[in-house]
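Visitor: As input, take protein-v7.txt (compact mmCIF, C-alpha atoms):
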```
# COMPACT_ATOMS: atom_id res chain seq x y z
CA MET A 1 -3.66 -11.63 34.38
CA SER A 2 -3.39 -15.11 33.03
CA GLY A 3 0.01 -14.65 31.43
CA ARG A 4 -1.26 -15.56 27.97
CA THR A 5 -0.51 -13.32 25.07
CA ARG A 6 -3.34 -12.47 22.78
CA ALA A 7 -2.85 -13.36 19.16
CA ARG A 8 -4.51 -10.94 16.80
CA ALA A 9 -6.92 -12.43 14.34
CA CYS A 10 -5.87 -11.97 10.73
CA PRO A 11 -8.71 -11.46 8.28
CA GLU A 12 -8.99 -14.24 5.72
CA ARG A 13 -10.45 -14.17 2.22
CA THR A 14 -11.07 -16.81 -0.43
CA CYS A 15 -9.23 -16.72 -3.75
CA VAL A 16 -11.77 -16.81 -6.58
CA GLY A 17 -9.27 -18.72 -8.74
CA CYS A 18 -8.19 -21.69 -6.63
CA ARG A 19 -10.93 -21.35 -3.96
CA GLU A 20 -8.38 -21.58 -1.11
CA ARG A 21 -8.60 -19.40 1.98
CA ALA A 22 -5.60 -17.18 2.66
CA VAL A 23 -4.63 -14.19 4.75
CA LYS A 24 -6.02 -11.01 3.22
CA ALA A 25 -2.52 -9.51 2.89
CA ASP A 26 -1.44 -12.39 0.60
CA LEU A 27 -4.27 -11.80 -1.87
CA LEU A 28 -4.89 -9.10 -4.47
CA ARG A 29 -8.22 -7.26 -4.38
CA ILE A 30 -10.00 -6.86 -7.72
CA VAL A 31 -12.69 -4.24 -8.43
CA ALA A 32 -14.93 -3.84 -11.47
CA ILE A 33 -14.78 -0.38 -13.01
CA LYS A 34 -17.09 -0.04 -16.00
CA ASP A 35 -16.40 -3.22 -18.02
CA ALA A 36 -12.92 -4.03 -16.72
CA CYS A 37 -11.34 -5.81 -13.78
CA VAL A 38 -8.91 -3.42 -12.10
CA PRO A 39 -6.30 -4.43 -9.50
CA ASP A 40 -6.65 -2.68 -6.15
CA PRO A 41 -3.40 -3.44 -4.27
CA ARG A 42 -4.10 -0.87 -1.52
CA GLY A 43 -7.69 -2.04 -1.07
CA THR A 44 -9.15 1.45 -1.13
CA LEU A 45 -11.19 1.60 -4.35
CA PRO A 46 -14.93 1.84 -3.82
CA GLY A 47 -17.27 -0.97 -4.75
CA ARG A 48 -17.55 -4.69 -4.42
CA GLY A 49 -14.27 -6.56 -4.42
CA ALA A 50 -13.04 -10.05 -5.17
CA TYR A 51 -9.73 -11.55 -4.10
CA VAL A 52 -7.22 -13.62 -6.06
CA HIS A 53 -3.65 -14.80 -5.48
CA PRO A 54 -1.34 -12.56 -7.52
CA SER A 55 -0.16 -15.47 -9.67
CA PRO A 56 -0.89 -16.28 -13.32
CA VAL A 57 -2.19 -19.75 -12.39
CA CYS A 58 -4.97 -18.47 -10.12
CA LEU A 59 -5.77 -15.66 -12.54
CA ASP A 60 -6.17 -18.14 -15.42
CA GLN A 61 -8.44 -20.38 -13.33
CA ALA A 62 -10.62 -17.42 -12.34
CA VAL A 63 -10.96 -16.24 -15.95
CA ARG A 64 -11.72 -19.74 -17.23
CA ARG A 65 -14.44 -20.26 -14.58
CA ARG A 66 -15.84 -16.71 -15.10
CA ALA A 67 -15.39 -16.16 -11.37
CA PHE A 68 -14.86 -12.39 -11.60
CA THR A 69 -18.20 -11.82 -13.29
CA ARG A 70 -19.96 -13.86 -10.62
CA ALA A 71 -18.06 -12.52 -7.60
CA LEU A 72 -18.34 -8.88 -8.66
CA ARG A 73 -21.96 -9.31 -9.76
CA ALA A 74 -21.25 -7.77 -13.14
CA PRO A 75 -23.95 -7.93 -15.82
CA GLY A 76 -21.61 -9.06 -18.62
CA ALA A 77 -18.10 -10.24 -19.37
CA LEU A 78 -15.25 -8.23 -17.85
CA ASP A 79 -11.98 -7.26 -19.54
CA THR A 80 -8.98 -8.65 -17.64
CA LYS A 81 -6.09 -7.21 -19.70
CA ALA A 82 -5.07 -4.61 -17.09
CA LEU A 83 -5.27 -7.22 -14.34
CA ARG A 84 -3.16 -9.71 -16.29
CA ARG A 85 -0.54 -7.02 -17.01
CA TYR A 86 -0.37 -6.12 -13.29
CA VAL A 87 0.02 -9.76 -12.20
CA GLU A 88 2.75 -10.41 -14.78
CA GLN A 89 4.68 -7.30 -13.68
CA THR A 90 4.31 -8.30 -10.03
CA THR A 91 5.62 -11.83 -10.62
CA VAL A 92 8.58 -10.57 -12.70
CA ALA A 93 9.49 -8.04 -9.99
CA GLU A 94 9.14 -10.70 -7.31
CA GLN A 95 11.46 -13.08 -9.16
CA ALA A 96 14.03 -10.31 -9.67
CA THR A 97 14.27 -9.67 -5.92
CA ARG A 98 15.04 -13.32 -5.13
```
Please, can you express the file's structure as structure tokens?
Guide:
Amino acid sequence: MSGRTRARACPERTCVGCRERAVKADLLRIVAIKDACVPDPRGTLPGRGAYVHPSPVCLDQAVRRRAFTRALRAPGALDTKALRRYVEQTTVAEQATR
């Protein structure tokens, strides 16, 4: 035994909004269901996923750059209303706990 402790590797993903790498737990997984982007906070929905920081700034950048359509390989534009509603509720709840 060398006496060193083993640090576990944390999986990293890239935010499609700001293009920064972050720990997977800090990002929100997005899945395309029919013609809509749906948040997948537990990460269990089937299909291809994309990751974004759960903040309105990163969400706006991703929508403006059409990053969800590209990352999810969707044939057309995706509706992001449900995703935006989820991110806004998450940020309001986060600010209330501070």
Visitor: Have a look at CA of Ala67 (chain A) and CA of Gly17 (chain A) and let me know their distance in Å, one decimal.
Guide: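 Interatomic distance here is 7.1 Å.
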Visitor: Near Gly43 (chain A), within 9 Å and counting all atoms listed in the file, which residues show up once chain neighbours fewer than 5 positions away are dropped, as a list in words?
Guide: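 Contacts, with the query itself left out: Leu28, Arg29, Ile30 and Gly49 of chain A.
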Visitor: To one decimal place in Å, what is the distance between CA of Thr97 (chain A) and CA of Ala9 (chain A)?
Guide: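 Taking CA of Thr97 (chain A) as the start and CA of Ala9 (chain A) as the end point, the length is 29.4 Å.
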Visitor: Would you mind telling me which residue in A:Leu78, A:Arg64, A:Val52, A:Val92 lies nearest to Lys34 (chain A) when using only C-alpha atoms?
Guide: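 Between A:Leu78, A:Arg64, A:Val52, A:Val92, the residue approaching Lys34 (chain A) most closely is A:Leu78.
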Visitor: Tell me, as an MDAnalysis selection string, which residues lie within 9 Å of Leu27 (chain A), counting all atoms listed in the file; anything in the same chain fewer than 6 positions away does not count.
Guide: chainID A and resid 13:15 41 51:54
Visitor: Point out the residue among A:Val16, A:Leu72, A:Ala36, A:Leu83 with the least atom-to-atom distance to Arg48 (chain A), counting all atoms listed in the file.
Guide: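 Ranking A:Val16, A:Leu72, A:Ala36, A:Leu83 by distance to Arg48 (chain A), first place goes to A:Leu72.
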Visitor: Taking into account all atoms listed in the file, which residue in the set A:Asp60, A:Asp40, A:Glu12, A:Asp26 is nearest to Tyr86 (chain A)?
Guide: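 Nearest candidate to Tyr86 (chain A) out of A:Asp60, A:Asp40, A:Glu12, A:Asp26: A:Asp40.
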Visitor: Between CA of Val87 (chain A) and CA of Gln61 (chain A), what is the spacing in Å?
Guide: 13.6 Å
Visitor: Identify which of the residues A:Arg65, A:Arg98, A:Arg4, A:Lys81 lies closest to Cys18 (chain A), counting all atoms listed in the file when measuring atom-to-atom distances.
Guide: A:Arg65
Visitor: Which residues are close to Pro11 (chain A), i.e. within 10 Å by all atoms listed in the file, leaving aside same-chain residues fewer than 4 positions away? Reply as an MDAnalysis selection string.
Guide: chainID A and resid 22:25
Visitor: Find the residues near Pro75 (chain A): any atom within 12 Å, counting all atoms listed in the file, skip ones fewer than 4 places away on the same chain, and give them as a VMD selection string.
Guide: chain A and resid 32 34 to 36 66 68 to 71
Visitor: Region 54-66 of chain A from the block above, all heavy atoms, as a PDB file, in the first residue's frame, please?
Guide:
```pdb
ATOM      1  N   PRO A  54     -28.316  25.067 -15.467  1.00  0.00           N
ATOM      2  CA  PRO A  54     -29.703  25.461 -15.204  1.00  0.00           C
ATOM      3  C   PRO A  54     -29.815  26.945 -14.872  1.00  0.00           C
ATOM      4  O   PRO A  54     -30.268  27.330 -13.796  1.00  0.00           O
ATOM      5  CB  PRO A  54     -30.106  24.567 -14.025  1.00  0.00           C
ATOM      6  CG  PRO A  54     -28.831  24.255 -13.343  1.00  0.00           C
ATOM      7  CD  PRO A  54     -27.772  24.233 -14.407  1.00  0.00           C
ATOM      8  N   SER A  55     -29.398  27.784 -15.784  1.00  0.00           N
ATOM      9  CA  SER A  55     -29.479  29.233 -15.600  1.00  0.00           C
ATOM     10  C   SER A  55     -30.061  29.853 -16.865  1.00  0.00           C
ATOM     11  O   SER A  55     -29.835  29.355 -17.973  1.00  0.00           O
ATOM     12  CB  SER A  55     -28.099  29.827 -15.316  1.00  0.00           C
ATOM     13  OG  SER A  55     -27.304  29.762 -16.467  1.00  0.00           O
ATOM     14  N   PRO A  56     -30.806  30.936 -16.720  1.00  0.00           N
ATOM     15  CA  PRO A  56     -31.407  31.579 -17.897  1.00  0.00           C
ATOM     16  C   PRO A  56     -30.375  32.074 -18.911  1.00  0.00           C
ATOM     17  O   PRO A  56     -30.634  32.078 -20.114  1.00  0.00           O
ATOM     18  CB  PRO A  56     -32.187  32.748 -17.308  1.00  0.00           C
ATOM     19  CG  PRO A  56     -32.428  32.378 -15.884  1.00  0.00           C
ATOM     20  CD  PRO A  56     -31.261  31.535 -15.467  1.00  0.00           C
ATOM     21  N   VAL A  57     -29.195  32.459 -18.447  1.00  0.00           N
ATOM     22  CA  VAL A  57     -28.165  32.972 -19.359  1.00  0.00           C
ATOM     23  C   VAL A  57     -27.700  31.884 -20.327  1.00  0.00           C
ATOM     24  O   VAL A  57     -27.664  32.086 -21.545  1.00  0.00           O
ATOM     25  CB  VAL A  57     -26.966  33.528 -18.547  1.00  0.00           C
ATOM     26  CG1 VAL A  57     -25.845  33.943 -19.481  1.00  0.00           C
ATOM     27  CG2 VAL A  57     -27.396  34.678 -17.679  1.00  0.00           C
ATOM     28  N   CYS A  58     -27.364  30.726 -19.805  1.00  0.00           N
ATOM     29  CA  CYS A  58     -26.912  29.618 -20.661  1.00  0.00           C
ATOM     30  C   CYS A  58     -28.043  29.121 -21.553  1.00  0.00           C
ATOM     31  O   CYS A  58     -27.816  28.769 -22.709  1.00  0.00           O
ATOM     32  CB  CYS A  58     -26.367  28.472 -19.823  1.00  0.00           C
ATOM     33  SG  CYS A  58     -24.725  28.796 -19.166  1.00  0.00           S
ATOM     34  N   LEU A  59     -29.257  29.100 -21.019  1.00  0.00           N
ATOM     35  CA  LEU A  59     -30.400  28.666 -21.816  1.00  0.00           C
ATOM     36  C   LEU A  59     -30.621  29.612 -22.994  1.00  0.00           C
ATOM     37  O   LEU A  59     -30.832  29.165 -24.127  1.00  0.00           O
ATOM     38  CB  LEU A  59     -31.652  28.597 -20.945  1.00  0.00           C
ATOM     39  CG  LEU A  59     -32.930  28.158 -21.632  1.00  0.00           C
ATOM     40  CD1 LEU A  59     -32.783  26.757 -22.205  1.00  0.00           C
ATOM     41  CD2 LEU A  59     -34.089  28.216 -20.675  1.00  0.00           C
ATOM     42  N   ASP A  60     -30.541  30.920 -22.751  1.00  0.00           N
ATOM     43  CA  ASP A  60     -30.708  31.896 -23.831  1.00  0.00           C
ATOM     44  C   ASP A  60     -29.628  31.747 -24.895  1.00  0.00           C
ATOM     45  O   ASP A  60     -29.909  31.829 -26.094  1.00  0.00           O
ATOM     46  CB  ASP A  60     -30.690  33.327 -23.274  1.00  0.00           C
ATOM     47  CG  ASP A  60     -31.933  33.645 -22.464  1.00  0.00           C
ATOM     48  OD1 ASP A  60     -32.962  32.953 -22.652  1.00  0.00           O
ATOM     49  OD2 ASP A  60     -31.876  34.569 -21.634  1.00  0.00           O
ATOM     50  N   GLN A  61     -28.387  31.528 -24.478  1.00  0.00           N
ATOM     51  CA  GLN A  61     -27.301  31.351 -25.438  1.00  0.00           C
ATOM     52  C   GLN A  61     -27.525  30.107 -26.288  1.00  0.00           C
ATOM     53  O   GLN A  61     -27.303  30.129 -27.496  1.00  0.00           O
ATOM     54  CB  GLN A  61     -25.960  31.232 -24.716  1.00  0.00           C
ATOM     55  CG  GLN A  61     -25.444  32.527 -24.176  1.00  0.00           C
ATOM     56  CD  GLN A  61     -24.117  32.340 -23.455  1.00  0.00           C
ATOM     57  OE1 GLN A  61     -23.737  31.229 -23.084  1.00  0.00           O
ATOM     58  NE2 GLN A  61     -23.406  33.436 -23.252  1.00  0.00           N
ATOM     59  N   ALA A  62     -27.968  29.024 -25.669  1.00  0.00           N
ATOM     60  CA  ALA A  62     -28.205  27.778 -26.401  1.00  0.00           C
ATOM     61  C   ALA A  62     -29.337  27.941 -27.416  1.00  0.00           C
ATOM     62  O   ALA A  62     -29.243  27.450 -28.540  1.00  0.00           O
ATOM     63  CB  ALA A  62     -28.517  26.651 -25.431  1.00  0.00           C
ATOM     64  N   VAL A  63     -30.395  28.639 -27.030  1.00  0.00           N
ATOM     65  CA  VAL A  63     -31.522  28.857 -27.940  1.00  0.00           C
ATOM     66  C   VAL A  63     -31.093  29.755 -29.096  1.00  0.00           C
ATOM     67  O   VAL A  63     -31.414  29.479 -30.257  1.00  0.00           O
ATOM     68  CB  VAL A  63     -32.724  29.458 -27.176  1.00  0.00           C
ATOM     69  CG1 VAL A  63     -33.812  29.902 -28.133  1.00  0.00           C
ATOM     70  CG2 VAL A  63     -33.271  28.437 -26.190  1.00  0.00           C
ATOM     71  N   ARG A  64     -30.364  30.807 -28.796  1.00  0.00           N
ATOM     72  CA  ARG A  64     -29.929  31.746 -29.834  1.00  0.00           C
ATOM     73  C   ARG A  64     -29.003  31.075 -30.854  1.00  0.00           C
ATOM     74  O   ARG A  64     -29.104  31.327 -32.052  1.00  0.00           O
ATOM     75  CB  ARG A  64     -29.222  32.934 -29.185  1.00  0.00           C
ATOM     76  CG  ARG A  64     -28.872  34.041 -30.148  1.00  0.00           C
ATOM     77  CD  ARG A  64     -28.202  35.187 -29.429  1.00  0.00           C
ATOM     78  NE  ARG A  64     -27.533  34.666 -28.247  1.00  0.00           N
ATOM     79  CZ  ARG A  64     -27.457  35.297 -27.081  1.00  0.00           C
ATOM     80  NH1 ARG A  64     -27.958  36.436 -26.912  1.00  0.00           N
ATOM     81  NH2 ARG A  64     -26.839  34.756 -26.056  1.00  0.00           N
ATOM     82  N   ARG A  65     -28.137  30.168 -30.390  1.00  0.00           N
ATOM     83  CA  ARG A  65     -27.200  29.480 -31.281  1.00  0.00           C
ATOM     84  C   ARG A  65     -27.796  28.222 -31.902  1.00  0.00           C
ATOM     85  O   ARG A  65     -27.114  27.509 -32.620  1.00  0.00           O
ATOM     86  CB  ARG A  65     -25.935  29.086 -30.500  1.00  0.00           C
ATOM     87  CG  ARG A  65     -25.121  30.279 -30.064  1.00  0.00           C
ATOM     88  CD  ARG A  65     -23.901  29.880 -29.245  1.00  0.00           C
ATOM     89  NE  ARG A  65     -23.328  28.651 -29.689  1.00  0.00           N
ATOM     90  CZ  ARG A  65     -23.013  27.622 -28.904  1.00  0.00           C
ATOM     91  NH1 ARG A  65     -23.240  27.683 -27.618  1.00  0.00           N
ATOM     92  NH2 ARG A  65     -22.479  26.538 -29.389  1.00  0.00           N
ATOM     93  N   ARG A  66     -29.062  27.900 -31.567  1.00  0.00           N
ATOM     94  CA  ARG A  66     -29.730  26.677 -32.044  1.00  0.00           C
ATOM     95  C   ARG A  66     -28.938  25.422 -31.651  1.00  0.00           C
ATOM     96  O   ARG A  66     -28.825  24.477 -32.425  1.00  0.00           O
ATOM     97  CB  ARG A  66     -29.956  26.720 -33.551  1.00  0.00           C
ATOM     98  CG  ARG A  66     -30.922  27.791 -33.957  1.00  0.00           C
ATOM     99  CD  ARG A  66     -31.196  27.734 -35.444  1.00  0.00           C
ATOM    100  NE  ARG A  66     -31.402  29.091 -35.912  1.00  0.00           N
ATOM    101  CZ  ARG A  66     -30.563  29.735 -36.716  1.00  0.00           C
ATOM    102  NH1 ARG A  66     -29.504  29.144 -37.167  1.00  0.00           N
ATOM    103  NH2 ARG A  66     -30.819  30.963 -37.078  1.00  0.00           N
TER     104      ARG A  66
END
```
